[in-house]
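> Input file: start_19.tsv. Contents: TSV, C-alpha atoms.
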```
chain	number	residue	atom	x	y	z
E	154	MET	CA	128.18	76.35	86.86
E	155	LYS	CA	127.91	79.72	85.18
E	156	LEU	CA	129.76	82.96	85.87
E	157	GLN	CA	127.55	86.07	85.96
E	158	VAL	CA	129.08	89.53	86.04
E	159	ALA	CA	126.98	92.28	87.63
E	160	LEU	CA	127.42	95.70	86.04
E	161	ASP	CA	126.29	98.15	88.68
E	162	THR	CA	127.67	101.62	88.80
E	163	LEU	CA	129.16	102.08	85.38
E	164	SER	CA	128.16	104.34	82.54
E	165	LEU	CA	126.90	102.49	79.48
E	166	GLU	CA	130.09	103.35	77.63
E	167	ALA	CA	132.32	102.05	80.43
E	168	ALA	CA	130.17	98.91	80.72
E	169	LEU	CA	130.56	98.16	77.01
E	170	GLN	CA	134.33	98.75	77.18
E	171	LEU	CA	134.59	96.36	80.14
E	172	LEU	CA	132.45	93.73	78.40
E	173	GLU	CA	134.74	93.73	75.40
E	174	LYS	CA	137.55	92.54	77.68
E	175	ILE	CA	135.72	90.00	79.85
E	176	GLU	CA	133.00	88.68	77.54
E	177	PRO	CA	134.83	85.43	76.65
E	178	PHE	CA	134.91	84.40	80.33
E	179	VAL	CA	131.36	85.36	81.27
E	180	ASP	CA	128.17	83.32	80.81
E	181	ILE	CA	125.60	85.88	81.97
E	182	VAL	CA	125.75	89.68	81.96
E	183	GLU	CA	123.68	91.35	84.67
E	184	VAL	CA	122.49	94.91	84.26
E	185	GLY	CA	122.43	95.76	87.97
E	186	THR	CA	119.74	97.62	89.89
E	187	PRO	CA	121.64	100.91	90.36
E	188	PHE	CA	122.46	100.87	86.63
E	189	ILE	CA	118.76	100.38	85.75
E	190	ILE	CA	117.71	103.14	88.16
E	191	GLU	CA	120.15	105.52	86.48
E	192	GLU	CA	119.66	104.52	82.85
E	193	GLY	CA	116.45	102.48	82.63
E	194	LEU	CA	116.47	99.44	80.34
E	195	LYS	CA	118.68	101.06	77.70
E	196	PRO	CA	121.79	99.10	78.80
E	197	VAL	CA	119.82	95.83	78.40
E	198	ARG	CA	118.89	96.82	74.85
E	199	GLU	CA	122.42	97.92	73.96
E	200	ILE	CA	124.18	94.89	75.43
E	201	LYS	CA	121.72	92.49	73.77
E	202	LYS	CA	122.21	94.29	70.44
E	203	ARG	CA	125.98	94.02	70.66
E	204	TYR	CA	126.01	90.45	72.08
E	205	PRO	CA	122.84	88.75	70.80
E	206	ASN	CA	123.97	85.31	72.00
E	207	MET	CA	124.87	86.47	75.52
E	208	THR	CA	122.40	85.71	78.32
E	209	VAL	CA	121.36	89.05	79.83
E	210	LEU	CA	119.81	89.35	83.31
E	211	ALA	CA	117.91	92.52	84.20
E	212	ASP	CA	118.13	92.97	87.97
E	213	VAL	CA	114.83	94.82	88.23
E	214	LYS	CA	114.07	93.33	91.70
E	215	ILE	CA	110.32	93.34	91.10
E	216	ILE	CA	108.27	93.74	94.29
E	217	ASP	CA	104.96	94.81	92.70
E	218	GLY	CA	103.50	95.49	89.26
E	219	ALA	CA	105.09	92.26	88.07
E	220	SER	CA	103.37	91.89	84.74
E	221	ILE	CA	104.26	95.45	83.66
E	222	GLU	CA	107.82	95.42	84.92
E	223	ALA	CA	108.71	91.91	83.72
E	224	LYS	CA	107.19	92.66	80.31
E	225	SER	CA	109.29	95.83	80.02
E	226	ALA	CA	112.47	93.90	80.79
E	227	PHE	CA	111.73	91.00	78.43
E	228	GLU	CA	110.71	93.39	75.64
E	229	ALA	CA	114.06	95.15	76.13
E	230	GLY	CA	115.84	91.83	75.53
E	231	ALA	CA	116.38	90.40	79.00
E	232	ASP	CA	116.63	86.60	79.23
E	233	ILE	CA	116.25	86.53	83.02
E	234	VAL	CA	114.47	88.96	85.35
E	235	THR	CA	114.69	89.12	89.13
E	236	VAL	CA	111.84	89.28	91.64
E	237	VAL	CA	112.18	89.88	95.37
E	238	GLY	CA	111.49	86.75	97.46
E	239	LEU	CA	109.84	88.88	100.15
E	240	ALA	CA	107.26	90.22	97.66
E	241	ASN	CA	103.67	88.99	97.79
E	242	GLU	CA	103.39	85.48	96.33
E	243	GLN	CA	101.07	86.83	93.63
E	244	THR	CA	103.87	89.12	92.44
E	245	ILE	CA	106.23	86.16	92.13
E	246	LYS	CA	103.56	84.13	90.33
E	247	ASP	CA	102.84	87.00	87.90
E	248	THR	CA	106.56	87.37	87.17
E	249	ILE	CA	106.81	83.65	86.39
E	250	ASP	CA	103.66	83.76	84.22
E	251	CYS	CA	105.12	86.64	82.23
E	252	ALA	CA	108.42	84.80	81.80
E	253	ARG	CA	106.61	81.72	80.49
E	254	MET	CA	104.84	83.85	77.86
E	255	TYR	CA	108.20	85.14	76.64
E	256	GLN	CA	109.92	81.74	77.15
E	257	LYS	CA	112.35	83.45	79.49
E	258	GLU	CA	113.46	82.89	83.08
E	259	VAL	CA	112.96	84.20	86.62
E	260	LEU	CA	115.47	84.43	89.44
E	261	VAL	CA	114.01	84.92	92.92
E	262	ASP	CA	116.31	87.07	95.05
E	263	PHE	CA	116.36	86.09	98.74
E	264	ILE	CA	117.91	89.37	99.84
E	265	ALA	CA	117.06	90.25	103.48
E	266	ALA	CA	115.00	87.04	103.79
E	267	ASN	CA	115.07	83.95	105.98
E	268	VAL	CA	116.26	81.56	103.29
E	269	SER	CA	115.15	78.20	104.62
E	270	SER	CA	111.48	78.87	105.43
E	271	LEU	CA	110.88	81.16	102.45
E	272	ALA	CA	112.55	78.80	99.95
E	273	LYS	CA	110.32	75.92	100.99
E	274	ARG	CA	107.20	78.08	100.74
E	275	LEU	CA	108.11	79.48	97.30
E	276	GLU	CA	109.43	76.27	95.71
E	277	PRO	CA	106.03	75.13	94.33
E	278	LEU	CA	105.60	78.39	92.34
E	279	GLY	CA	108.00	77.14	89.68
E	280	ALA	CA	110.68	79.84	89.46
E	281	ASP	CA	113.88	78.98	87.58
E	282	TYR	CA	116.47	80.06	90.15
E	283	PHE	CA	116.61	80.89	93.85
E	284	CYS	CA	119.45	83.26	94.71
E	285	VAL	CA	121.01	83.70	98.14
E	286	HIS	CA	122.26	87.25	98.33
E	287	THR	CA	124.24	88.99	101.04
E	288	ALA	CA	123.26	92.64	100.62
E	289	VAL	CA	126.09	95.08	99.88
E	290	ASP	CA	124.80	97.19	102.76
E	291	VAL	CA	125.48	94.45	105.34
E	292	GLN	CA	128.70	92.98	103.93
E	293	GLY	CA	131.24	93.11	106.74
E	294	GLN	CA	128.49	92.84	109.39
E	295	GLU	CA	127.26	89.43	108.30
E	296	ALA	CA	128.84	86.21	107.10
E	297	GLY	CA	129.03	85.85	103.32
E	298	PRO	CA	126.48	83.86	101.35
E	299	LEU	CA	128.19	80.45	101.70
E	300	ALA	CA	126.23	79.25	104.74
E	301	GLU	CA	122.96	80.43	103.16
E	302	LEU	CA	123.82	78.62	99.93
E	303	ILE	CA	124.35	75.38	101.85
E	304	THR	CA	121.01	75.91	103.65
E	305	LEU	CA	119.25	76.67	100.37
E	306	LYS	CA	120.58	73.57	98.62
E	307	LYS	CA	119.41	71.44	101.57
E	308	SER	CA	115.96	73.07	101.55
E	309	VAL	CA	114.93	72.84	97.89
E	310	SER	CA	115.89	71.11	94.67
E	311	ILE	CA	115.54	74.16	92.43
E	312	LYS	CA	118.54	75.68	90.59
E	313	THR	CA	120.58	78.06	92.76
E	314	ALA	CA	122.53	81.28	92.42
E	315	VAL	CA	124.76	83.07	94.87
E	316	ALA	CA	125.62	86.77	95.17
E	317	GLY	CA	127.27	89.15	97.59
E	318	GLY	CA	130.90	88.71	98.50
E	319	VAL	CA	131.94	86.33	95.72
E	320	ARG	CA	135.59	87.29	95.28
E	321	LEU	CA	138.77	85.70	93.96
E	322	ASP	CA	139.67	84.52	97.48
E	323	SER	CA	136.20	83.07	98.23
E	324	ILE	CA	134.96	81.74	94.89
E	325	GLU	CA	136.53	78.28	95.11
E	326	GLU	CA	134.92	77.48	98.45
E	327	ILE	CA	131.57	78.66	97.11
E	328	ALA	CA	131.97	76.83	93.78
E	329	LYS	CA	132.55	73.58	95.68
E	330	GLN	CA	128.86	73.80	96.70
E	331	HIS	CA	127.93	73.71	92.97
E	332	PRO	CA	125.51	76.61	92.67
E	333	ASP	CA	124.22	76.95	89.11
E	334	ILE	CA	125.21	80.63	88.90
E	335	LEU	CA	127.99	82.53	90.69
E	336	ILE	CA	127.36	86.27	90.58
E	337	VAL	CA	130.37	88.58	90.80
E	338	GLY	CA	130.22	92.36	90.86
E	339	SER	CA	132.94	94.70	92.09
E	340	ALA	CA	135.53	91.89	92.37
E	341	ILE	CA	135.58	92.00	88.57
E	342	THR	CA	134.30	95.48	87.69
E	343	ASN	CA	136.58	97.33	90.13
E	344	ALA	CA	139.64	95.08	89.58
E	345	ASP	CA	142.86	96.57	88.24
E	346	ASP	CA	142.80	93.82	85.65
E	347	PRO	CA	139.17	92.67	85.20
E	348	GLN	CA	140.10	90.30	82.37
E	349	MET	CA	142.61	88.44	84.54
E	350	VAL	CA	140.14	88.15	87.44
E	351	ALA	CA	137.28	86.95	85.21
E	352	SER	CA	139.57	84.47	83.48
E	353	ARG	CA	140.89	83.06	86.79
E	354	MET	CA	137.37	82.83	88.21
E	355	LYS	CA	136.22	80.95	85.12
E	356	ASP	CA	139.15	78.54	85.54
E	357	ILE	CA	138.36	77.97	89.22
E	358	ILE	CA	134.71	77.27	88.41
E	359	SER	CA	135.68	74.87	85.63
E	360	GLY	CA	138.02	73.08	88.03
E	361	CYS	CA	135.21	72.60	90.56
E	362	SER	CA	132.78	71.39	87.87
E	363	SER	CA	134.82	68.34	86.95
V	206	MET	CA	97.19	116.26	103.86
V	207	LYS	CA	98.91	116.17	100.50
V	208	LEU	CA	97.84	114.63	97.21
V	209	GLN	CA	100.56	112.64	95.42
V	210	VAL	CA	100.03	111.44	91.86
V	211	ALA	CA	101.97	108.35	90.82
V	212	LEU	CA	103.07	108.35	87.17
V	213	ASP	CA	103.67	104.72	86.34
V	214	THR	CA	103.27	103.43	82.85
V	215	LEU	CA	103.41	106.57	80.76
V	216	SER	CA	105.97	107.78	78.30
V	217	LEU	CA	107.80	110.92	79.40
V	218	GLU	CA	105.91	112.95	76.81
V	219	ALA	CA	102.52	111.65	77.98
V	220	ALA	CA	103.51	112.24	81.61
V	221	LEU	CA	104.41	115.87	80.91
V	222	GLN	CA	101.16	116.41	79.01
V	223	LEU	CA	99.17	114.96	81.93
V	224	LEU	CA	101.07	117.05	84.46
V	225	GLU	CA	100.21	120.24	82.62
V	226	LYS	CA	96.53	119.50	83.29
V	227	ILE	CA	96.67	118.26	86.88
V	228	GLU	CA	99.65	120.14	88.33
V	229	PRO	CA	97.52	122.81	90.14
V	230	PHE	CA	95.78	120.09	92.18
V	231	VAL	CA	98.81	117.96	93.02
V	232	ASP	CA	101.29	118.46	95.89
V	233	ILE	CA	103.77	115.69	95.06
V	234	VAL	CA	104.60	114.08	91.71
V	235	GLU	CA	105.81	110.48	91.94
V	236	VAL	CA	107.92	108.98	89.20
V	237	GLY	CA	106.77	105.38	89.69
V	238	THR	CA	108.89	102.24	89.74
V	239	PRO	CA	107.84	100.88	86.29
V	240	PHE	CA	108.56	104.33	84.82
V	241	ILE	CA	112.04	104.38	86.38
V	242	ILE	CA	112.74	100.82	85.19
V	243	GLU	CA	111.83	101.85	81.65
V	244	GLU	CA	113.42	105.31	81.54
V	245	GLY	CA	115.84	105.57	84.46
V	246	LEU	CA	115.94	108.87	86.34
V	247	LYS	CA	115.42	111.00	83.25
V	248	PRO	CA	111.72	111.69	84.09
V	249	VAL	CA	112.79	112.96	87.55
V	250	ARG	CA	115.25	115.37	85.91
V	251	GLU	CA	112.75	116.55	83.30
V	252	ILE	CA	109.84	117.05	85.72
V	253	LYS	CA	112.05	118.91	88.19
V	254	LYS	CA	113.37	121.11	85.38
V	255	ARG	CA	109.87	121.98	84.23
V	256	TYR	CA	108.39	122.33	87.74
V	257	PRO	CA	111.27	123.38	90.02
V	258	ASN	CA	108.94	124.13	92.96
V	259	MET	CA	107.06	120.81	92.73
V	260	THR	CA	107.98	118.10	95.25
V	261	VAL	CA	109.16	115.07	93.26
V	262	LEU	CA	109.26	111.55	94.72
V	263	ALA	CA	111.42	108.91	93.01
V	264	ASP	CA	109.86	105.51	93.76
V	265	VAL	CA	113.16	103.66	93.53
V	266	LYS	CA	112.12	101.12	96.23
V	267	ILE	CA	115.67	100.70	97.49
V	268	ILE	CA	116.36	97.25	98.96
V	269	ASP	CA	120.18	97.31	98.79
V	270	GLY	CA	122.97	99.61	97.68
V	271	ALA	CA	121.20	102.45	99.47
V	272	SER	CA	123.93	105.05	99.37
V	273	ILE	CA	124.45	104.66	95.61
V	274	GLU	CA	120.79	104.49	94.65
V	275	ALA	CA	119.59	107.28	96.96
V	276	LYS	CA	122.45	109.51	95.80
V	277	SER	CA	121.50	108.90	92.15
V	278	ALA	CA	117.89	109.88	92.84
V	279	PHE	CA	118.73	113.00	94.87
V	280	GLU	CA	121.31	114.11	92.30
V	281	ALA	CA	118.60	113.77	89.64
V	282	GLY	CA	116.43	116.18	91.62
V	283	ALA	CA	114.23	113.94	93.76
V	284	ASP	CA	112.96	115.48	97.02
V	285	ILE	CA	111.81	112.14	98.45
V	286	VAL	CA	113.11	108.60	97.80
V	287	THR	CA	111.50	105.33	98.79
V	288	VAL	CA	113.09	102.38	100.57
V	289	VAL	CA	111.49	98.97	101.13
V	290	GLY	CA	110.51	98.37	104.77
V	291	LEU	CA	111.47	94.69	104.43
V	292	ALA	CA	115.07	95.61	103.47
V	293	ASN	CA	117.87	95.13	105.95
V	294	GLU	CA	117.81	97.85	108.62
V	295	GLN	CA	121.25	99.00	107.49
V	296	THR	CA	119.81	99.74	104.05
V	297	ILE	CA	117.08	101.91	105.59
V	298	LYS	CA	119.66	103.67	107.80
V	299	ASP	CA	121.94	104.33	104.82
V	300	THR	CA	119.02	105.74	102.82
V	301	ILE	CA	118.16	108.11	105.69
V	302	ASP	CA	121.83	109.13	106.11
V	303	CYS	CA	122.03	109.95	102.41
V	304	ALA	CA	118.79	111.97	102.59
V	305	ARG	CA	120.15	113.98	105.52
V	306	MET	CA	123.26	114.88	103.51
V	307	TYR	CA	121.08	116.22	100.71
V	308	GLN	CA	118.51	117.70	103.15
V	309	LYS	CA	115.88	115.55	101.47
V	310	GLU	CA	113.35	112.97	102.70
V	311	VAL	CA	112.75	109.21	102.91
V	312	LEU	CA	109.49	107.31	102.64
V	313	VAL	CA	109.57	103.72	103.91
V	314	ASP	CA	107.25	101.52	101.85
V	315	PHE	CA	105.53	98.78	103.87
V	316	ILE	CA	104.56	96.79	100.78
V	317	ALA	CA	104.13	93.06	101.53
V	318	ALA	CA	105.03	93.66	105.19
V	319	ASN	CA	103.34	93.13	108.54
V	320	VAL	CA	102.72	96.80	109.28
V	321	SER	CA	102.34	96.84	113.04
V	322	SER	CA	105.44	94.93	114.15
V	323	LEU	CA	107.71	96.34	111.43
V	324	ALA	CA	106.61	99.94	112.01
V	325	LYS	CA	107.46	99.75	115.71
V	326	ARG	CA	110.85	98.24	114.96
V	327	LEU	CA	111.74	100.83	112.30
V	328	GLU	CA	110.37	103.94	114.03
V	329	PRO	CA	113.63	104.76	115.90
V	330	LEU	CA	115.59	104.94	112.62
V	331	GLY	CA	114.18	108.40	111.89
V	332	ALA	CA	112.57	108.09	108.46
V	333	ASP	CA	110.24	110.89	107.37
V	334	TYR	CA	107.22	108.87	106.25
V	335	PHE	CA	105.87	105.34	106.67
V	336	CYS	CA	103.63	104.27	103.80
V	337	VAL	CA	101.03	101.50	103.93
V	338	HIS	CA	100.76	100.11	100.45
V	339	THR	CA	98.39	97.52	99.06
V	340	ALA	CA	100.34	96.03	96.14
V	341	VAL	CA	98.74	96.34	92.70
V	342	ASP	CA	99.31	92.59	92.31
V	343	VAL	CA	97.01	91.73	95.25
V	344	GLN	CA	94.34	94.38	94.80
V	345	GLY	CA	91.04	92.56	94.62
V	346	GLN	CA	92.38	89.71	96.79
V	347	GLU	CA	93.04	91.80	99.86
V	348	ALA	CA	91.28	94.65	101.64
V	349	GLY	CA	92.47	98.12	100.65
V	350	PRO	CA	94.99	100.05	102.70
V	351	LEU	CA	92.47	101.66	105.11
V	352	ALA	CA	92.73	99.06	107.88
V	353	GLU	CA	96.53	99.09	107.63
V	354	LEU	CA	96.56	102.89	107.81
V	355	ILE	CA	94.53	102.79	111.03
V	356	THR	CA	96.92	100.16	112.44
V	357	LEU	CA	99.96	102.21	111.40
V	358	LYS	CA	98.66	105.40	113.01
V	359	LYS	CA	98.02	103.51	116.25
V	360	SER	CA	101.51	101.93	116.17
V	361	VAL	CA	103.77	104.93	115.59
V	362	SER	CA	103.73	108.73	115.67
V	363	ILE	CA	105.68	109.23	112.44
V	364	LYS	CA	104.11	110.91	109.37
V	365	THR	CA	102.07	108.51	107.22
V	366	ALA	CA	101.30	107.89	103.58
V	367	VAL	CA	98.81	105.55	101.96
V	368	ALA	CA	98.88	103.90	98.53
V	369	GLY	CA	97.08	101.19	96.62
V	370	GLY	CA	93.40	101.51	95.86
V	371	VAL	CA	92.94	105.21	96.63
V	372	ARG	CA	90.10	106.10	94.25
V	373	LEU	CA	87.39	108.73	93.97
V	374	ASP	CA	84.96	106.42	95.78
V	375	SER	CA	87.37	105.53	98.61
V	376	ILE	CA	89.43	108.69	99.16
V	377	GLU	CA	87.06	110.40	101.62
V	378	GLU	CA	87.00	107.46	104.02
V	379	ILE	CA	90.80	107.25	103.85
V	380	ALA	CA	91.27	111.04	104.20
V	381	LYS	CA	89.20	110.96	107.40
V	382	GLN	CA	92.11	109.06	108.97
V	383	HIS	CA	94.36	112.06	108.19
V	384	PRO	CA	97.36	110.45	106.53
V	385	ASP	CA	99.96	113.06	105.60
V	386	ILE	CA	100.11	111.90	101.97
V	387	LEU	CA	97.42	110.22	99.83
V	388	ILE	CA	98.97	108.52	96.80
V	389	VAL	CA	96.81	108.08	93.71
V	390	GLY	CA	97.88	106.33	90.52
V	391	SER	CA	95.58	104.94	87.86
V	392	ALA	CA	92.47	106.57	89.36
V	393	ILE	CA	93.92	109.83	88.02
V	394	THR	CA	96.27	108.75	85.24
V	395	ASN	CA	93.77	106.40	83.55
V	396	ALA	CA	90.73	108.62	84.11
V	397	ASP	CA	88.75	109.95	81.15
V	398	ASP	CA	89.12	113.38	82.72
V	399	PRO	CA	92.23	113.35	84.95
V	400	GLN	CA	91.90	117.07	85.73
V	401	MET	CA	88.37	116.63	87.07
V	402	VAL	CA	89.35	113.64	89.21
V	403	ALA	CA	92.44	115.36	90.61
V	404	SER	CA	90.45	118.51	91.33
V	405	ARG	CA	87.66	116.62	93.11
V	406	MET	CA	90.16	114.60	95.12
V	407	LYS	CA	91.91	117.79	96.20
V	408	ASP	CA	88.53	119.23	97.27
V	409	ILE	CA	87.65	116.10	99.26
V	410	ILE	CA	91.03	116.17	101.01
V	411	SER	CA	90.63	119.87	101.81
V	412	GLY	CA	87.17	119.16	103.22
V	413	CYS	CA	88.56	116.49	105.54
V	414	SER	CA	91.46	118.71	106.67
V	415	SER	CA	89.23	121.37	108.19
```
Take the structure in the file and give it back as structure tokens.

Amino acid sequence: MKLQVALDTLSLEAALQLLEKIEPFVDIVEVGTPFIIEEGLKPVREIKKRYPNMTVLADVKIIDGASIEAKSAFEAGADIVTVVGLANEQTIKDTIDCARMYQKEVLVDFIAANVSSLAKRLEPLGADYFCVHTAVDVQGQEAGPLAELITLKKSVSIKTAVAGGVRLDSIEEIAKQHPDILIVGSAITNADDPQMVASRMKDIISGCSS
Amino acid sequence: MKLQVALDTLSLEAALQLLEKIEPFVDIVEVGTPFIIEEGLKPVREIKKRYPNMTVLADVKIIDGASIEAKSAFEAGADIVTVVGLANEQTIKDTIDCARMYQKEVLVDFIAANVSSLAKRLEPLGADYFCVHTAVDVQGQEAGPLAELITLKKSVSIKTAVAGGVRLDSIEEIAKQHPDILIVGSAITNADDPQMVASRMKDIISGCSS
């Protein structure tokens, strides 16, 4: 199980300062969608330059123009790009084809989707990860991603990721389901002591792995 | 009827050079999704600075984090932002709420969606435009957006936009359906003579308006 930190609303400078503190506890650094909208792929380039061995995910949430957008992200140094599960199948296929050319990976984001039926339909396309994702905009209205993760793992045998509401008080229960990636955003980035939170989360994940 | 040009895969410099030629014939300038992924919102800021009276659409295709992402785009100078029709309803509501605060507009993009049922469901939310959109990734496999535009106009009474496969040889037939916005990308931006194509398209639209 890997810990992914999502950098969303930070400036590049603040993101790099935060990474210096939490980098030892993090397996994957995500440059989040709002960050990409604000800054483009520059944060991907800068983070990859400073941490060449770190896995960097560009949360571009491709929904069309897959070959152009995936190429941009991989050329900038991304190791994983995201594509929206609700996109046309051709878009998901094109994203995967592009990733294969660069020997990189694709995470399909199931945001706003019916996980079970869509996961079964998309499994044959050959993506690397399926990610259940409780949207920020509906957190509080809907249950967290745990039930969807359980459904996903029953539906397909592909590697899984989980995002949306993974916090210090919920991560152990989620980690017990053994997703391949646990994605944490504000619970780390907005914490008073991000290093302590990242370190404790890493410990909890390690405890559940054994 | 308005003519919107979508700037997708250009550098900022090339985009500004193109705009100098076609600006008299264009009502709305779109900073396209691949352009935003590459450059962030800088092209929105630069185009708005150079053409303060031009309507600028930021094709951010919001699917979560609506209040943050819409705010970023409006603060950068966008007059219209896009949200994905397949997003959670709360995301569409939050995008519209943010637009109201800035006295700006929202275009809901029906990419990859079943237009008729979704349009009826989303109409009460109060968005400014609904856009039928044949994805680049499925052009050639699927019919263009004309049939979907006709369906959309029968389904709801909201203002409409149409994108995906609007070319010099198809624009008249589409304009006869009187969408409020016709969105043209590569048919202008990749043309040998973009000024001539934009000018002829503007003439055809004007002819259909009378």
> Pull the closest atom pair for each residue of chain E that gets at most 8 Å from chain V, along with the distance in Å to one decimal, counting all atoms listed in the file, ordering rows by chain and then ascending residue number, as a tab-separated table.

```
residue	atom	partner	partner_atom	distance
E:Pro187	CA	V:Glu274	CA	5.7
E:Ile189	CA	V:Ile242	CA	6.1
E:Ile190	CA	V:Gly245	CA	4.8
E:Glu191	CA	V:Gly245	CA	4.8
E:Glu192	CA	V:Gly245	CA	4.3
E:Gly193	CA	V:Gly245	CA	3.6
E:Leu194	CA	V:Glu243	CA	5.4
E:Lys195	CA	V:Glu244	CA	7.8
E:Val213	CA	V:Ile242	CA	7.0
E:Asp217	CA	V:Ala340	CA	5.9
E:Gly218	CA	V:Val341	CA	5.9
E:Ala219	CA	V:Asp342	CA	7.2
E:Ile221	CA	V:Pro239	CA	7.0
E:Glu222	CA	V:Pro239	CA	5.6
E:Ser225	CA	V:Glu243	CA	6.7
E:Leu239	CA	V:Ala317	CA	7.2
E:Ala240	CA	V:Ala317	CA	5.7
E:Asn241	CA	V:Ala317	CA	5.5
E:Gln243	CA	V:Asp342	CA	6.2
E:Thr244	CA	V:Asp342	CA	5.7
E:Asp247	CA	V:Asp342	CA	7.9
E:Ile264	CA	V:Ala292	CA	7.8
E:Ala265	CA	V:Asn293	CA	5.5
E:Ala288	CA	V:Asp269	CA	5.9
E:Val289	CA	V:Gly270	CA	5.9
E:Asp290	CA	V:Thr296	CA	5.8
E:Val291	CA	V:Gln295	CA	6.6
```
> Can you pull out every residue within 12 Å of Cys284 (chain E), counting only C-alpha atoms, but drop anything in the same chain fewer than 3 positions away, and send it as a VMD selection string?
chain E and resid 212 214 235 to 238 259 to 266 268 to 269 271 to 272 280 to 281 287 to 288 298 to 299 301 to 306 309 311 to 317 332 to 336
> Calculate how many Å separate CA of Gln209 (chain V) from CA of Lys276 (chain V), rounding to one decimal.
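CA of Lys276 (chain V) lies 22.1 Å from CA of Gln209 (chain V).
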> What gap, in Å, lies between CA of Glu183 (chain E) and CA of Val158 (chain E)?
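Result for CA of Glu183 (chain E) versus CA of Val158 (chain E): 5.9 Å, one decimal.
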> Just the number, please: distance in Å from CA of Ile249 (chain E) to CA of Glu176 (chain E), one decimal.
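It comes out at 28.1 Å.
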> Please check which residues have atoms at most 7 Å from (116.5, 114.4, 91.0) in the file's coordinates, counting all atoms listed in the file, and write them as a ChimeraX atom specification.
/V:249-250,253,278-283
> With distances taken over all atoms listed in the file, which residue among E:Leu210, E:Leu165, E:Leu156, E:Cys251 lies nearest Val337 (chain E)?
E:Leu156
> Would you list the contacts of Asp374 (chain V) as a ChimeraX atom specification, taking every protein, DNA or RNA residue within 12 Å and counting all atoms listed in the file, but skipping same-chain residues closer than 6 positions in sequence?
/V:380,392,402,405-406,409
> Restricting the calculation to all atoms listed in the file, which member of V:Ile252, V:Val261, V:Ala304, V:Val236 is positioned closest to Gln222 (chain V)?
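Under the stated criterion, the closest residue is V:Ile252.
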> Quick one: region 388-408 of chain V from the block, C-alpha atoms, as a PDB file, in the first residue's frame.

```pdb
ATOM      1  CA  ILE V 388     -17.572  26.660 -31.104  1.00  0.00           C
ATOM      2  CA  VAL V 389     -14.833  26.134 -33.681  1.00  0.00           C
ATOM      3  CA  GLY V 390     -11.361  24.804 -32.952  1.00  0.00           C
ATOM      4  CA  SER V 391      -8.973  23.300 -35.462  1.00  0.00           C
ATOM      5  CA  ALA V 392     -11.100  24.333 -38.467  1.00  0.00           C
ATOM      6  CA  ILE V 393      -9.878  27.856 -37.714  1.00  0.00           C
ATOM      7  CA  THR V 394      -6.665  27.353 -35.754  1.00  0.00           C
ATOM      8  CA  ASN V 395      -5.167  24.792 -38.167  1.00  0.00           C
ATOM      9  CA  ALA V 396      -6.421  26.487 -41.336  1.00  0.00           C
ATOM     10  CA  ASP V 397      -3.959  27.733 -43.950  1.00  0.00           C
ATOM     11  CA  ASP V 398      -5.783  31.055 -43.774  1.00  0.00           C
ATOM     12  CA  PRO V 399      -7.478  31.311 -40.357  1.00  0.00           C
ATOM     13  CA  GLN V 400      -8.655  34.871 -41.045  1.00  0.00           C
ATOM     14  CA  MET V 401     -10.491  33.820 -44.202  1.00  0.00           C
ATOM     15  CA  VAL V 402     -12.141  30.848 -42.482  1.00  0.00           C
ATOM     16  CA  ALA V 403     -13.200  32.900 -39.448  1.00  0.00           C
ATOM     17  CA  SER V 404     -14.532  35.656 -41.695  1.00  0.00           C
ATOM     18  CA  ARG V 405     -16.534  33.248 -43.865  1.00  0.00           C
ATOM     19  CA  MET V 406     -17.917  31.469 -40.810  1.00  0.00           C
ATOM     20  CA  LYS V 407     -19.011  34.802 -39.342  1.00  0.00           C
ATOM     21  CA  ASP V 408     -20.747  35.634 -42.645  1.00  0.00           C
TER      22      ASP V 408
END
```
